[in-house]
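Single-structure report; data block below.
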Amino acid sequence: METENNNMTPLLEIKDLHVSVNGEPILKGLSLTVSKGEVHAIMGPNGSGKSTLANVLAGREEYEVDSGSILYNGQDLLELDVNERALEGIFLAFQYPVEIPGVSNSNFLKSIINARRVHQGLPELNALEMLKYIQGKMESIEMDKNLLKRSLNDGFSGGEKKRNEILQMSLLEPSLSILDETDSGLDIDALRIVADGVNQLKSEDRAFIVVTHYQRLLNHIIPDYVHVLSDGKIVASGDKHLAEKLEAEGYDWIRETNSMTA
Amino acid sequence: MADQEKILDHLSEVFHAFESGLNGKAQSTLHHFQKESFASLKQYQFPDRKHEDWKYTIVQNIIAPPYTLADVNPRVEIEDIPGLDTYKLVVSNGQLLWDHIDPALKDAGIRLMRFDNMLDDESMRKDFNRVIKAERPSSNQAFAYLNFAFQSGAFAIDIPSGFILDKPIEIRIVHDGTDTTFSHPLYFIRAQKSSEVTIIERFEKNNSALSADHQGLINASAYLSVDKNASVTHYRWQNLPATYRLVNILAAQQERDSRFTSYAFDIGGQSVRNNIHVELEDSNTYSSLQAAYMAKNKQSIDHQTRINHKVPHCESHELYKGIIDDQASGAFNGKVLVHPDAQKTNAFQQNDSLVLSPHARMNSKPQLEIFADDVKCSHGATIGQLDQKSLFYLMSRGLQKEAAKHMLTAAFLAEVLDTVTIEPLSEYIRTKMSIDV
């Protein structure tokens, strides 16, 4: 991949993106630029298109990109297959991680770690190195090691599933992590662990898009930018104080502003 | 039906040629058994496609080619299953090769008998007759009697009362020849009271085969007598060449407090028809039938199971899982019969199929016939494609589409394979089914 990886090139550049699902427009001209080292929060009422944005970035087929562009590291992201996006460093922490009985969690983790390493030109980890690597990360997010022996997300509680997403994120060390309502349904301890996972990974080379309905996760992951998504467009952007305002006043004032400008 | 006559005429010719080769054995008990069996074969005849039990496997395709009996090829080469310690027996073209018998089996504490000796052994013969005479679907009887009629190289194993065999018995079954030939492997196992035995049956390609692409039919039968409190575990692994047809009958009769577990793994063959019949003669038995199979190209794999709950307080489980790809077809026809006296029966049956190609077909017919009122029974079938959400999830972590698909098909069959307790066997099957993830 030949890109100018200087600070001038944003990590992600979305321009006037229109996306529909089953013929119904969901995103209606969304633009967003994310640079390395930044944390962006995407907030907005239900049905505003937050999850659509997350899924389009990951490459879900049901989402039809009608127009607009997405550049990732200066490269046309829409040209990349789902797995190529992951190998290039994009990670989506799912809102609802699927349960896959019969696929062992530990084999799955080994496969994805080595797939990424091979793509980066690194040697695969042997069994012992792998175990140490995985267990180390599990400890750092206080995850029960017995979950390794189970099938992937099979019978996991909501919190365990979300923790397993954060584990995968920590292991793959992606350049761009997208957290799709990872906070929903979590108690305060689990929330803190998710936030710790993100904060441990934060660096000048990495960026995060945190999709959330509520402000409480943003008390733990401090965003550089907060964007409000409504009816498929970003209708307001600001710093962390915007999130506090949303929490205090709800989304109604956004809707009003939006309908006035529409 | 003209075809049927033509087939029987041809088989009569082959049978007379077979009889004339018997030499001095013409007056033996065995010959009597053969002649009687051939008469029964003519009486039952082969089912046609209108028969409900043979709707999805075309009998004509299996039986119509003009087979002759294959000569024994004493040179049999089959790879060992790494790390698996067994007593090995080799059956080539229906004949047990006595030269190839694992010497350790002699001191293992069990009796291995030639079939003709077994017929002359009053107690063994009585039990054998009891098992083969049990009520069976009439649609399979022609194949059962065809097997008996051409019987010369069968064998029997007698596990004494209270005896626990320390290693599995591995029965390697090959077919070989240059022309269009059939063979009829047969064995009978009597597991006496409170004994325990594990059988690993392997239908394999002979690496020293005379010809790589001749047409062959293996018409194999195995009969098991599982006496009081005995435990028999039967594994069947089938990886035959693609030009072979296979009709297989496995019939078990269970006495009080006995346990019978059957596993069937199929990946080879052209047209494969597996029939399992379990007769529950007395109470408090446990039966478990499981299968994992993978049909590709133009293969056809057809499972028929019958469990006959005749008495109260018995439990049976069936789990059949198959992957059908390309232009292959699969069939499952499972029937659980619960007789009026069989109160407190627990019977569970499930057939799940993954159909991976638009040209692949799967026909599933789980059936429960319940004539008792105080029972717990369930049956079900699912036929589906790979779950797109799961596929997306795996790919979104960097796995290639093929690798992700592979992981999901392996996961699908894992439910069956995970219960195989013999680790080297389970590893071997996973490798051969290329689901070793």
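Convention: chains lettered A, B, ... in structure tokens order; per-chain residue numbering from 1; ligands numbered from 1 as shown.
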
Residues near Ser152 (chain B), cut-off 8 Å, only C-alpha atoms, skip fewer than 4 positions along chain, as a PyMOL selection string: chain B and resi 94-95+115-116

Atoms kept (C-alpha atoms) for selection, written as a PDB file, in the first residue's frame:
```
ATOM      1  CA  GLY B  94     -15.891 -59.787   1.736  1.00  0.00           C
ATOM      2  CA  GLN B  95     -13.286 -62.246   3.011  1.00  0.00           C
ATOM      3  CA  PHE B 115     -18.711 -67.877   9.807  1.00  0.00           C
ATOM      4  CA  ASP B 116     -19.195 -71.571   8.942  1.00  0.00           C
TER       5      ASP B 116
END
```

Within 7 Å of chain B: residues of chain A, using only C-alpha atoms, as number ranges by chain: A: 58, 82-84, 86-87, 98, 100-103, 112, 115-116

Pick from A:Asn107, A:Asn153, A:Ser184, A:Asn55, whichever lies nearest to Ser20 (chain A) using only C-alpha atoms: A:Asn55

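One distance worth recording is that between CA of Gly89 (chain A) and CA of Asp76 (chain A), which is 14.1 Å.
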
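In this structure, CA of Asp99 (chain B) sits 14.8 Å away from CA of Ile173 (chain B).
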
Residues of region 5-238 of chain A in helix (DSSP H, G or I), written as a PyMOL selection string: chain A and resi 50-58+77-79+82-87+105-119+127-140+145-148+158-172+188-201+216-219

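The shortest atom-to-atom distance to Leu218 (chain A), with only C-alpha atoms taken into account, belongs to A:Leu191 out of A:Leu191, A:Ile90, A:Leu131, A:Leu11.
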
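All residues of protein, DNA or RNA that reach within 7 Å of His227 (chain A), judged by only C-alpha atoms and not counting those fewer than 2 positions away in the chain, are Ala41, Ile42, Met43, Tyr225, Leu229, Ile234, Ala236, Ser237 and Gly238 of chain A.
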
Every residue of region 43-184 of chain A that DSSP places in strand (DSSP E), as an MDAnalysis selection string: chainID A and resid 43 63:72 75:76 90:93 100:104 151:152 176:180

Can you spit out the residues from that selection as a short mmCIF file (atom, residue, chain, number, x, y, z; two decimals), in the first residue's frame, using C-alpha atoms?
```cif
data_model
loop_
_atom_site.label_atom_id
_atom_site.label_comp_id
_atom_site.auth_asym_id
_atom_site.auth_seq_id
_atom_site.Cartn_x
_atom_site.Cartn_y
_atom_site.Cartn_z
CA MET A 43 -24.09 10.29 19.35
CA TYR A 63 -25.48 -1.70 3.29
CA GLU A 64 -25.54 -0.14 -0.17
CA VAL A 65 -23.27 2.84 -0.70
CA ASP A 66 -25.18 5.02 -3.16
CA SER A 67 -22.70 7.88 -3.37
CA GLY A 68 -19.87 9.58 -1.58
CA SER A 69 -16.42 8.35 -0.70
CA ILE A 70 -14.46 6.88 2.17
CA LEU A 71 -10.70 7.17 2.19
CA TYR A 72 -8.75 5.19 4.75
CA GLN A 75 -6.91 4.48 0.06
CA ASP A 76 -10.44 3.85 -1.25
CA ILE A 90 -9.97 -1.46 10.99
CA PHE A 91 -11.81 -3.05 13.87
CA LEU A 92 -15.50 -3.00 14.65
CA ALA A 93 -16.60 -3.92 18.16
CA ILE A 100 -20.85 -19.30 17.03
CA PRO A 101 -21.18 -22.68 18.74
CA GLY A 102 -18.47 -25.14 17.72
CA VAL A 103 -15.78 -22.53 17.00
CA SER A 104 -13.48 -22.53 19.99
CA SER A 151 -17.18 -21.68 21.97
CA LEU A 152 -17.03 -18.19 20.50
CA LEU A 176 -9.00 2.53 13.69
CA SER A 177 -11.36 1.04 16.25
CA ILE A 178 -15.08 1.55 15.96
CA LEU A 179 -17.10 0.77 19.05
CA ASP A 180 -20.74 0.29 18.20
#
```

Between CA of Gln349 (chain B) and CA of Phe371 (chain B) - distance in Å to one decimal: 16.9 Å

For Glu52 (chain B), the nearest of the candidates B:Lys365, B:Trp237, B:Gln34, B:Glu77, counting only C-alpha atoms: B:Lys365
